[in-house]
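See below for protein35.tsv, which holds TSV, C-alpha atoms.
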```tsv
chain	number	residue	atom	x	y	z
Z	1	MET	CA	22.73	39.52	67.05
Z	2	GLU	CA	22.16	40.14	63.30
Z	3	GLU	CA	24.16	38.00	60.91
Z	4	GLU	CA	26.21	40.12	58.59
Z	5	PRO	CA	25.76	39.44	54.85
Z	6	VAL	CA	28.54	37.50	53.17
Z	7	PHE	CA	29.87	39.12	50.04
Z	8	ASN	CA	31.98	37.65	47.27
Z	9	GLN	CA	35.59	37.56	48.26
Z	10	GLU	CA	38.71	36.91	46.27
Z	11	LYS	CA	40.81	34.08	47.59
Z	12	ASN	CA	43.96	32.73	45.93
Z	13	GLY	CA	42.95	34.38	42.65
Z	14	PHE	CA	39.39	32.91	42.62
Z	15	VAL	CA	36.11	34.66	43.40
Z	16	VAL	CA	34.20	32.87	46.15
Z	17	GLU	CA	30.45	33.30	45.63
Z	18	SER	CA	28.31	34.25	48.57
Z	19	GLY	CA	25.29	32.23	49.70
Z	20	VAL	CA	22.94	35.02	48.59
Z	21	THR	CA	24.22	34.84	44.99
Z	22	LYS	CA	23.76	31.06	44.86
Z	23	VAL	CA	20.18	31.37	46.10
Z	24	GLN	CA	19.41	33.99	43.48
Z	25	GLU	CA	20.84	31.82	40.72
Z	26	ARG	CA	18.76	28.81	41.87
Z	27	LEU	CA	15.63	30.93	41.89
Z	28	GLN	CA	16.42	32.24	38.45
Z	29	ARG	CA	16.99	28.69	37.11
Z	30	ARG	CA	13.69	27.51	38.59
Z	31	HIS	CA	11.89	30.45	37.06
Z	32	GLN	CA	13.43	29.69	33.64
Z	33	GLU	CA	12.52	25.99	33.96
Z	34	ARG	CA	8.91	26.94	34.76
Z	35	ILE	CA	8.78	29.15	31.66
Z	36	GLU	CA	10.25	26.38	29.45
Z	37	ASP	CA	7.87	23.80	30.93
Z	38	ALA	CA	4.90	26.08	30.26
Z	39	GLU	CA	6.10	26.58	26.67
Z	40	ARG	CA	6.44	22.82	26.15
Z	41	LYS	CA	2.94	22.22	27.48
Z	42	LYS	CA	1.60	24.95	25.23
Z	43	GLU	CA	3.34	23.48	22.17
Z	44	THR	CA	2.07	19.99	23.02
Z	45	LYS	CA	-1.47	21.29	23.41
Z	46	GLU	CA	-1.27	23.18	20.13
Z	47	SER	CA	0.18	20.15	18.32
Z	48	ARG	CA	-2.59	17.96	19.71
Z	49	ALA	CA	-5.18	20.48	18.61
Z	50	VAL	CA	-3.70	20.61	15.09
Z	51	ALA	CA	-3.63	16.80	14.88
Z	52	GLU	CA	-7.24	16.59	16.04
Z	53	GLU	CA	-8.25	19.18	13.47
Z	54	LYS	CA	-6.48	17.22	10.73
Z	55	LEU	CA	-8.15	13.97	11.78
Z	56	GLU	CA	-11.55	15.65	11.98
Z	57	TYR	CA	-11.08	17.17	8.51
Z	58	PHE	CA	-9.89	13.83	7.08
Z	59	SER	CA	-12.80	11.91	8.59
Z	60	SER	CA	-15.38	14.43	7.44
Z	61	THR	CA	-13.97	14.72	3.90
Z	62	PHE	CA	-13.29	11.00	3.44
Z	63	ASN	CA	-16.74	9.92	4.62
Z	64	GLY	CA	-18.46	12.64	2.60
Z	65	GLU	CA	-16.71	11.61	-0.62
Z	66	ARG	CA	-17.33	7.93	0.11
Z	67	ARG	CA	-21.06	8.58	0.52
Z	68	SER	CA	-21.03	10.56	-2.73
Z	69	VAL	CA	-19.60	7.55	-4.60
Z	70	GLU	CA	-22.09	5.20	-2.93
Z	71	GLU	CA	-24.96	7.45	-4.05
Z	72	LEU	CA	-23.67	7.39	-7.63
Z	73	LEU	CA	-23.49	3.59	-7.57
Z	74	PHE	CA	-26.99	3.35	-6.11
Z	75	ALA	CA	-28.29	5.66	-8.84
Z	76	CYS	CA	-27.06	3.22	-11.51
Z	77	SER	CA	-29.88	0.82	-10.62
Z	78	GLY	CA	-32.59	1.07	-13.25
Z	79	ALA	CA	-30.86	3.83	-15.23
Z	80	ASP	CA	-30.30	3.61	-18.99
Z	81	ARG	CA	-26.90	2.61	-20.35
Z	82	ALA	CA	-25.76	6.15	-21.19
Z	83	ALA	CA	-26.63	7.42	-17.69
Z	84	VAL	CA	-24.98	4.39	-16.09
Z	85	THR	CA	-21.79	4.96	-18.09
Z	86	GLN	CA	-21.65	8.60	-17.02
Z	87	LYS	CA	-22.28	7.81	-13.36
Z	88	LEU	CA	-19.69	5.03	-13.34
Z	89	GLU	CA	-17.08	7.31	-14.90
Z	90	GLU	CA	-17.79	9.92	-12.23
Z	91	ALA	CA	-17.70	7.29	-9.47
Z	92	THR	CA	-14.37	5.95	-10.79
Z	93	ALA	CA	-12.85	9.44	-10.85
Z	94	LYS	CA	-14.08	10.19	-7.32
Z	95	THR	CA	-12.72	6.86	-6.06
Z	96	MET	CA	-9.30	7.62	-7.50
Z	97	GLN	CA	-9.37	11.07	-5.88
Z	98	LEU	CA	-10.34	9.44	-2.60
Z	99	GLN	CA	-7.39	7.04	-2.89
Z	100	LYS	CA	-5.03	9.98	-3.49
Z	101	PHE	CA	-6.55	11.84	-0.52
Z	102	LEU	CA	-5.89	8.81	1.69
Z	103	ASN	CA	-2.34	8.47	0.37
Z	104	ASP	CA	-1.65	12.13	1.17
Z	105	SER	CA	-3.05	11.74	4.70
Z	106	VAL	CA	-1.12	8.69	5.90
Z	107	VAL	CA	1.53	10.88	7.58
Z	108	PHE	CA	-0.83	11.90	10.39
Z	109	LEU	CA	-3.24	8.95	10.57
Z	110	THR	CA	-2.92	6.37	13.32
Z	111	GLN	CA	-2.57	2.70	12.43
Z	112	TYR	CA	-6.19	2.09	13.41
Z	113	GLU	CA	-7.55	5.02	11.39
Z	114	LEU	CA	-5.45	4.05	8.37
Z	115	ARG	CA	-6.66	0.46	8.56
Z	116	GLN	CA	-10.29	1.56	8.80
Z	117	ALA	CA	-9.97	3.94	5.86
Z	118	GLN	CA	-8.23	1.33	3.69
Z	119	ALA	CA	-10.93	-1.22	4.48
Z	120	ALA	CA	-13.67	1.29	3.60
Z	121	LEU	CA	-11.92	2.21	0.35
Z	122	GLN	CA	-11.45	-1.45	-0.59
Z	123	LYS	CA	-15.15	-2.08	0.04
Z	124	LEU	CA	-16.00	0.91	-2.16
Z	125	GLN	CA	-13.72	-0.32	-4.96
Z	126	THR	CA	-15.33	-3.75	-4.79
Z	127	SER	CA	-18.81	-2.22	-5.01
Z	128	LEU	CA	-17.69	-0.15	-8.00
Z	129	THR	CA	-16.36	-3.24	-9.79
Z	130	GLU	CA	-19.51	-5.25	-9.03
Z	131	THR	CA	-21.75	-2.43	-10.24
Z	132	LYS	CA	-19.76	-2.16	-13.48
Z	133	GLU	CA	-20.00	-5.90	-14.10
Z	134	LYS	CA	-23.73	-5.92	-13.39
Z	135	ALA	CA	-24.72	-2.78	-15.29
Z	136	LEU	CA	-22.20	-2.99	-18.16
Z	137	PRO	CA	-21.34	-6.69	-18.54
Z	138	ARG	CA	-18.26	-7.48	-20.59
Z	139	LYS	CA	-18.24	-9.84	-23.51
Z	140	LYS	CA	-17.32	-13.30	-22.39
Z	141	PHE	CA	-14.34	-15.07	-23.90
Z	142	ALA	CA	-14.44	-18.75	-24.69
Z	143	PHE	CA	-11.42	-21.02	-24.99
Z	144	LYS	CA	-11.00	-24.71	-25.51
Z	145	ALA	CA	-10.19	-25.94	-22.10
Z	146	ARG	CA	-9.14	-28.90	-20.05
Z	147	SER	CA	-9.83	-29.14	-16.35
Z	148	LYS	CA	-6.90	-28.64	-13.97
Z	149	VAL	CA	-8.85	-28.46	-10.71
Z	150	ALA	CA	-12.52	-28.55	-9.85
Z	151	ASP	CA	-13.11	-24.79	-9.81
Z	152	PHE	CA	-11.05	-23.80	-12.84
Z	153	THR	CA	-10.94	-24.29	-16.61
Z	154	GLN	CA	-7.66	-23.75	-18.39
Z	155	THR	CA	-6.07	-24.08	-21.82
Z	156	SER	CA	-3.31	-26.52	-22.64
Z	157	PRO	CA	0.15	-25.84	-21.18
Z	158	VAL	CA	1.64	-22.56	-22.28
Z	159	PRO	CA	4.97	-22.65	-24.15
Z	160	PRO	CA	7.84	-20.56	-22.80
Z	161	PRO	CA	7.73	-16.92	-23.92
Z	162	PRO	CA	10.15	-15.83	-26.67
Z	163	PRO	CA	13.62	-14.81	-25.46
Z	164	GLU	CA	13.37	-11.20	-26.71
Z	165	GLY	CA	11.85	-8.85	-24.12
Z	166	ASP	CA	8.94	-10.93	-22.77
Z	167	THR	CA	6.68	-9.97	-25.68
Z	168	PRO	CA	3.24	-11.53	-25.28
Z	169	ALA	CA	2.15	-11.70	-28.92
Z	170	GLU	CA	2.54	-15.45	-29.45
Z	171	SER	CA	1.72	-16.63	-25.92
Z	172	SER	CA	-1.33	-18.64	-25.00
Z	173	GLN	CA	-3.93	-17.43	-22.53
Z	174	SER	CA	-6.14	-19.07	-19.97
Z	175	CYS	CA	-9.53	-18.02	-18.66
Z	176	VAL	CA	-11.15	-19.04	-15.40
Z	177	VAL	CA	-14.89	-19.42	-15.12
Z	178	ASP	CA	-16.00	-18.81	-11.58
Z	179	GLY	CA	-19.55	-18.89	-10.21
Z	180	ALA	CA	-19.30	-15.54	-8.41
Z	181	ALA	CA	-17.36	-13.70	-11.10
Z	182	PRO	CA	-18.31	-14.80	-14.62
Z	183	SER	CA	-15.07	-13.61	-16.28
Z	184	ARG	CA	-12.17	-14.17	-13.92
Z	185	CYS	CA	-8.87	-15.21	-15.46
Z	186	GLY	CA	-6.01	-17.17	-13.99
Z	187	PHE	CA	-3.86	-20.26	-13.68
Z	188	SER	CA	-4.15	-23.01	-11.10
Z	189	GLY	CA	-2.65	-26.33	-10.06
Z	190	MET	CA	0.51	-26.22	-12.18
Z	191	SER	CA	4.22	-26.94	-11.63
Z	192	ASN	CA	7.38	-26.13	-13.59
Z	193	GLU	CA	5.58	-24.17	-16.31
Z	194	SER	CA	6.12	-20.85	-18.11
Z	195	LEU	CA	2.71	-19.11	-18.17
Z	196	THR	CA	1.75	-15.93	-19.99
Z	197	MET	CA	-1.51	-14.00	-20.23
Z	198	THR	CA	-2.02	-11.13	-22.68
Z	199	SER	CA	-3.71	-7.79	-22.09
Z	200	GLN	CA	-6.42	-8.79	-24.57
Z	201	VAL	CA	-7.47	-11.60	-22.24
Z	202	ILE	CA	-7.08	-9.72	-18.96
Z	203	GLN	CA	-8.98	-6.53	-20.00
Z	204	LYS	CA	-9.27	-5.23	-16.40
Z	205	GLN	CA	-10.67	-8.53	-15.13
Z	206	ASP	CA	-9.85	-10.09	-11.77
Z	207	VAL	CA	-6.87	-12.45	-12.02
Z	208	LEU	CA	-6.45	-15.43	-9.70
Z	209	LEU	CA	-3.26	-17.50	-9.46
Z	210	THR	CA	-3.45	-20.43	-7.06
Z	211	HIS	CA	-1.50	-23.60	-6.22
Z	212	LEU	CA	1.47	-22.86	-8.47
Z	213	THR	CA	4.92	-24.36	-7.84
Z	214	ASN	CA	8.17	-23.40	-9.57
Z	215	CYS	CA	6.34	-21.50	-12.32
Z	216	ARG	CA	7.36	-18.45	-14.33
Z	217	VAL	CA	4.31	-16.20	-14.84
Z	218	ARG	CA	3.96	-13.06	-16.98
Z	219	LEU	CA	0.70	-11.06	-16.82
Z	220	PHE	CA	0.52	-8.23	-19.36
Z	221	GLY	CA	-2.12	-5.52	-19.24
Z	222	SER	CA	-4.04	-4.03	-16.34
Z	223	PRO	CA	-6.04	-6.41	-14.11
Z	224	SER	CA	-8.78	-5.07	-11.86
Z	225	THR	CA	-7.48	-7.07	-8.88
Z	226	LEU	CA	-4.85	-9.78	-8.47
Z	227	HIS	CA	-5.12	-12.71	-6.03
Z	228	LEU	CA	-2.13	-14.98	-5.30
Z	229	LYS	CA	-2.80	-18.04	-3.14
Z	230	HIS	CA	-0.56	-20.99	-2.30
Z	231	ILE	CA	2.41	-19.93	-4.40
Z	232	GLN	CA	5.77	-21.66	-3.95
Z	233	GLY	CA	9.09	-21.03	-5.67
Z	234	CYS	CA	7.55	-18.91	-8.46
Z	235	GLU	CA	8.51	-15.77	-10.33
Z	236	ILE	CA	5.39	-13.70	-11.03
Z	237	LEU	CA	5.46	-10.41	-12.94
Z	238	CYS	CA	2.25	-8.43	-13.38
Z	239	GLY	CA	1.29	-5.21	-15.14
Z	240	PRO	CA	-0.36	-2.34	-13.21
Z	241	VAL	CA	-3.36	-3.47	-11.13
Z	242	SER	CA	-6.05	-0.79	-10.90
Z	243	SER	CA	-7.02	-1.63	-7.31
Z	244	SER	CA	-5.58	-4.23	-4.92
Z	245	VAL	CA	-3.22	-7.20	-4.85
Z	246	PHE	CA	-3.95	-9.89	-2.24
Z	247	ILE	CA	-1.26	-12.46	-1.37
Z	248	ASP	CA	-1.82	-15.44	0.90
Z	249	HIS	CA	0.48	-18.40	1.64
Z	250	CYS	CA	3.35	-17.47	-0.65
Z	251	SER	CA	6.88	-18.75	-0.08
Z	252	SER	CA	10.34	-18.58	-1.68
Z	253	SER	CA	9.08	-16.51	-4.60
Z	254	VAL	CA	9.91	-13.32	-6.52
Z	255	LEU	CA	7.08	-10.92	-7.37
Z	256	ALA	CA	6.96	-7.69	-9.40
Z	257	LEU	CA	3.70	-5.83	-8.81
Z	258	ALA	CA	2.17	-2.38	-9.30
Z	259	CYS	CA	-1.11	-1.55	-7.53
Z	260	GLN	CA	-3.06	0.85	-5.35
Z	261	GLN	CA	-2.93	-1.40	-2.31
Z	262	LEU	CA	-0.96	-4.51	-1.32
Z	263	ARG	CA	-2.12	-6.89	1.41
Z	264	THR	CA	0.15	-9.83	2.18
Z	265	HIS	CA	-0.64	-12.67	4.59
Z	266	ASN	CA	1.18	-15.85	5.68
Z	267	THR	CA	4.14	-15.21	3.38
Z	268	THR	CA	7.79	-16.16	3.93
Z	269	ASP	CA	11.15	-15.67	2.19
Z	270	THR	CA	9.68	-13.71	-0.72
Z	271	LEU	CA	11.04	-10.70	-2.63
Z	272	VAL	CA	8.55	-8.07	-3.79
Z	273	TYR	CA	9.45	-5.45	-6.41
Z	274	LEU	CA	6.68	-3.00	-5.78
Z	275	HIS	CA	4.94	0.13	-7.03
Z	276	VAL	CA	2.13	1.00	-4.61
Z	277	THR	CA	0.31	4.31	-4.20
Z	278	SER	CA	-0.94	3.70	-0.66
Z	279	ARG	CA	0.99	1.71	1.98
Z	280	ALA	CA	1.79	-1.98	1.78
Z	281	ILE	CA	0.37	-4.16	4.56
Z	282	ILE	CA	1.82	-7.44	5.81
Z	283	GLU	CA	0.45	-9.79	8.44
Z	284	ASP	CA	1.79	-13.12	9.72
Z	285	CYS	CA	4.82	-12.77	7.42
Z	286	GLN	CA	8.56	-13.35	7.80
Z	287	GLY	CA	11.54	-12.70	5.57
Z	288	VAL	CA	9.78	-10.46	3.06
Z	289	GLY	CA	12.03	-8.09	1.09
Z	290	PHE	CA	10.90	-4.97	-0.80
Z	291	ALA	CA	12.42	-2.95	-3.66
Z	292	PRO	CA	11.03	-0.58	-6.30
Z	293	PHE	CA	9.10	-2.09	-9.24
Z	294	SER	CA	11.60	-2.67	-12.06
Z	295	TRP	CA	9.87	-4.90	-14.63
Z	296	SER	CA	9.32	-3.32	-18.02
Z	297	TYR	CA	7.64	-4.32	-21.28
Z	298	PRO	CA	6.62	-2.41	-24.44
Z	299	THR	CA	3.10	-1.37	-23.38
Z	300	LEU	CA	3.79	-0.77	-19.67
Z	301	GLU	CA	3.20	3.00	-19.81
Z	302	GLU	CA	-0.12	2.51	-21.63
Z	303	ASP	CA	-1.19	0.01	-18.99
Z	304	PHE	CA	-0.34	2.46	-16.22
Z	305	VAL	CA	-2.69	4.96	-17.87
Z	306	VAL	CA	-5.45	2.34	-18.11
Z	307	SER	CA	-4.99	1.36	-14.45
Z	308	GLY	CA	-5.24	4.95	-13.23
Z	309	LEU	CA	-2.20	4.53	-10.96
Z	310	ASP	CA	-0.03	7.56	-10.26
Z	311	ARG	CA	3.28	6.73	-11.95
Z	312	ASP	CA	5.11	9.33	-9.86
Z	313	GLN	CA	3.93	8.12	-6.44
Z	314	ASN	CA	5.51	4.95	-5.13
Z	315	ASN	CA	5.47	4.05	-1.42
Z	316	TRP	CA	7.31	0.75	-1.94
Z	317	ASN	CA	9.23	1.04	1.35
Z	318	GLN	CA	6.28	2.27	3.47
Z	319	VAL	CA	5.17	-1.07	4.95
Z	320	ASP	CA	2.76	-1.56	7.85
Z	321	ASP	CA	3.21	-4.82	9.77
Z	322	PHE	CA	0.01	-5.61	11.66
Z	323	ASN	CA	1.97	-8.02	13.88
Z	324	TRP	CA	4.50	-5.35	14.89
Z	325	LEU	CA	3.05	-2.24	16.45
Z	326	ALA	CA	6.05	-1.14	18.52
Z	327	ALA	CA	6.42	2.55	17.76
Z	328	GLY	CA	9.90	3.65	16.72
Z	329	THR	CA	11.24	0.11	16.31
Z	330	PRO	CA	11.46	-1.41	12.78
Z	331	SER	CA	9.61	-4.65	12.17
Z	332	PRO	CA	11.95	-7.68	11.91
Z	333	ASN	CA	9.56	-9.33	9.45
Z	334	TRP	CA	10.46	-7.26	6.37
Z	335	THR	CA	13.53	-5.55	4.96
Z	336	VAL	CA	14.61	-3.34	2.07
Z	337	ILE	CA	16.48	-5.35	-0.57
Z	338	PRO	CA	20.02	-3.91	-0.90
Z	339	GLU	CA	20.58	-2.15	-4.23
Z	340	ALA	CA	23.42	-4.51	-5.13
Z	341	ASP	CA	21.09	-7.51	-4.74
Z	342	ARG	CA	18.12	-6.13	-6.70
Z	343	LYS	CA	17.03	-7.75	-9.94
Z	344	ASN	CA	16.80	-5.50	-12.99
Z	345	ASN	CA	17.03	-7.98	-15.87
Z	346	TRP	CA	13.86	-10.08	-15.98
Z	347	ASP	CA	14.60	-11.81	-19.30
Z	348	THR	CA	16.89	-14.41	-17.77
```
Please, can you express the file's structure as structure tokens?
Amino acid sequence: MEEEPVFNQEKNGFVVESGVTKVQERLQRRHQERIEDAERKKETKESRAVAEEKLEYFSSTFNGERRSVEELLFACSGADRAAVTQKLEEATAKTMQLQKFLNDSVVFLTQYELRQAQAALQKLQTSLTETKEKALPRKKFAFKARSKVADFTQTSPVPPPPPEGDTPAESSQSCVVDGAAPSRCGFSGMSNESLTMTSQVIQKQDVLLTHLTNCRVRLFGSPSTLHLKHIQGCEILCGPVSSSVFIDHCSSSVLALACQQLRTHNTTDTLVYLHVTSRAIIEDCQGVGFAPFSWSYPTLEEDFVVSGLDRDQNNWNQVDDFNWLAAGTPSPNWTVIPEADRKNNWDT
């Protein structure tokens, strides 16, 4: 005997749905879910394709420009001074463009790709500096010196800077003579001192500060690179660095730095007031705080121009922790310094 179809019936003021209607609704929902699932898969595939295209374009462009700079540096060998100067200017401009290209691409690069590109760019910047020093050597500066440690020569202790605005005019300088780099400046092996170096001494040289305790350091001008090693309880303020700042074994200190790239290792309980045009990198660090660069002095804007840094681009709070790769979870090893706790007056 055929089963009669059950239609919707009204019972106590409510419409009772038949079994056929429920089946139709389930089928319709399943059909809609299949459509939505297909759309999601399509969007995922398209997004992956776009990301792959971006990575392919970045890799091709970055490597092509890098090879172009390397060829310019290679062509400096044996060329006359005028040709060398022209090639180095072109190589410097291309390197700066390459840095900007990398900065603009960090939003879609993976941690590995970013690390590889930064390492390649750092190697290129080092080669550029070495080629400049070899082909166009700077005049060497000579100072009366007394030995502080075996590898360094330094002037007598520097008096505290004048109270008005950290002006460097009357401050003493120190110059380091290093076997690998004939004109590297810096301070080493000092405690409880106020140390100042003028832009006339720095002149885009490498600056090395090492084994300093409870010192107040002011570096005016635009260094090529800045190295901080074994720093404890210090306040170090530095003008715009044209390439990288490297920090290793720093503790309980306050730093104000402007640079293309910051790499920080083995550092604890340190505050960094930063202007950086790429992304800051920390490794094996704890208790590091970041805030925007806030130190100022009369020739700061001129030094930014000399350094080639983009004054309008500052990624001070874009920090990559190589010991914390958990996606979507902030690293516990660094924080943003609250605005109320930030230092703005550096004269005291």
* Z:Lys204, Z:Gln111, Z:Gly233, Z:Leu195 ranked by distance to Z:Val319, top pick (using all atoms listed in the file) -> Z:Gln111
* To do: Could you tell me how far atom CA of Z:Cys234 lies from atom CA of Z:Gln205, in Å and to one decimal?
  => 22.0 Å
* Would you mind telling me which residue in Z:Arg66, Z:Lys41, Z:Arg115, Z:Arg81 lies nearest to Z:Ala93 when using all atoms listed in the file? =>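 Going through Z:Arg66, Z:Lys41, Z:Arg115, Z:Arg81 one by one, the smallest distance to Z:Ala93 is for Z:Arg66.
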* **Who sits within 10 Å of Z:Leu255, only C-alpha atoms, same chain under 2 positions skipped, as a ChimeraX atom specification** => /Z:217,234-238,253,257,270-274,290,293,295
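Among Z:Asn333, Z:Gln232, Z:Thr85, Z:Ser224, the residue with the shortest atom-to-atom distance to Z:Met190, counting all atoms listed in the file, is Z:Gln232.
Comparing the minimum interatomic distances between Z:Pro298 and each of Z:Asp347, Z:Phe322, Z:Phe220, Z:Val336, counting only C-alpha atoms, we find that Z:Phe220 sits nearest.
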* At most 8 Å from (-13.8, 3.1, -8.5), file frame, all atoms listed in the file: which residues, as a list in words? ->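 All residues meeting the 8 Å criterion around (-13.8, 3.1, -8.5) are Leu88, Ala91, Thr92, Ala93, Lys94, Thr95, Met96, Leu124, Gln125, Thr126, Leu128 and Thr129 of chain Z.
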Save out the residues we just selected, C-alpha atoms, as an mmCIF file, in the frame of the given file.
```cif
data_model
loop_
_atom_site.group_PDB
_atom_site.id
_atom_site.type_symbol
_atom_site.label_atom_id
_atom_site.label_comp_id
_atom_site.auth_asym_id
_atom_site.auth_seq_id
_atom_site.Cartn_x
_atom_site.Cartn_y
_atom_site.Cartn_z
ATOM 1 C CA LEU Z 88 -19.690 5.030 -13.340
ATOM 2 C CA ALA Z 91 -17.700 7.290 -9.470
ATOM 3 C CA THR Z 92 -14.370 5.950 -10.790
ATOM 4 C CA ALA Z 93 -12.850 9.440 -10.850
ATOM 5 C CA LYS Z 94 -14.080 10.190 -7.320
ATOM 6 C CA THR Z 95 -12.720 6.860 -6.060
ATOM 7 C CA MET Z 96 -9.300 7.620 -7.500
ATOM 8 C CA LEU Z 124 -16.000 0.910 -2.160
ATOM 9 C CA GLN Z 125 -13.720 -0.320 -4.960
ATOM 10 C CA THR Z 126 -15.330 -3.750 -4.790
ATOM 11 C CA LEU Z 128 -17.690 -0.150 -8.000
ATOM 12 C CA THR Z 129 -16.360 -3.240 -9.790
#
```
* atom CA of Z:Gln203 and atom CA of Z:Arg67 are how many Å apart? ->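 Going from atom CA of Z:Gln203 over to atom CA of Z:Arg67 covers 28.2 Å.
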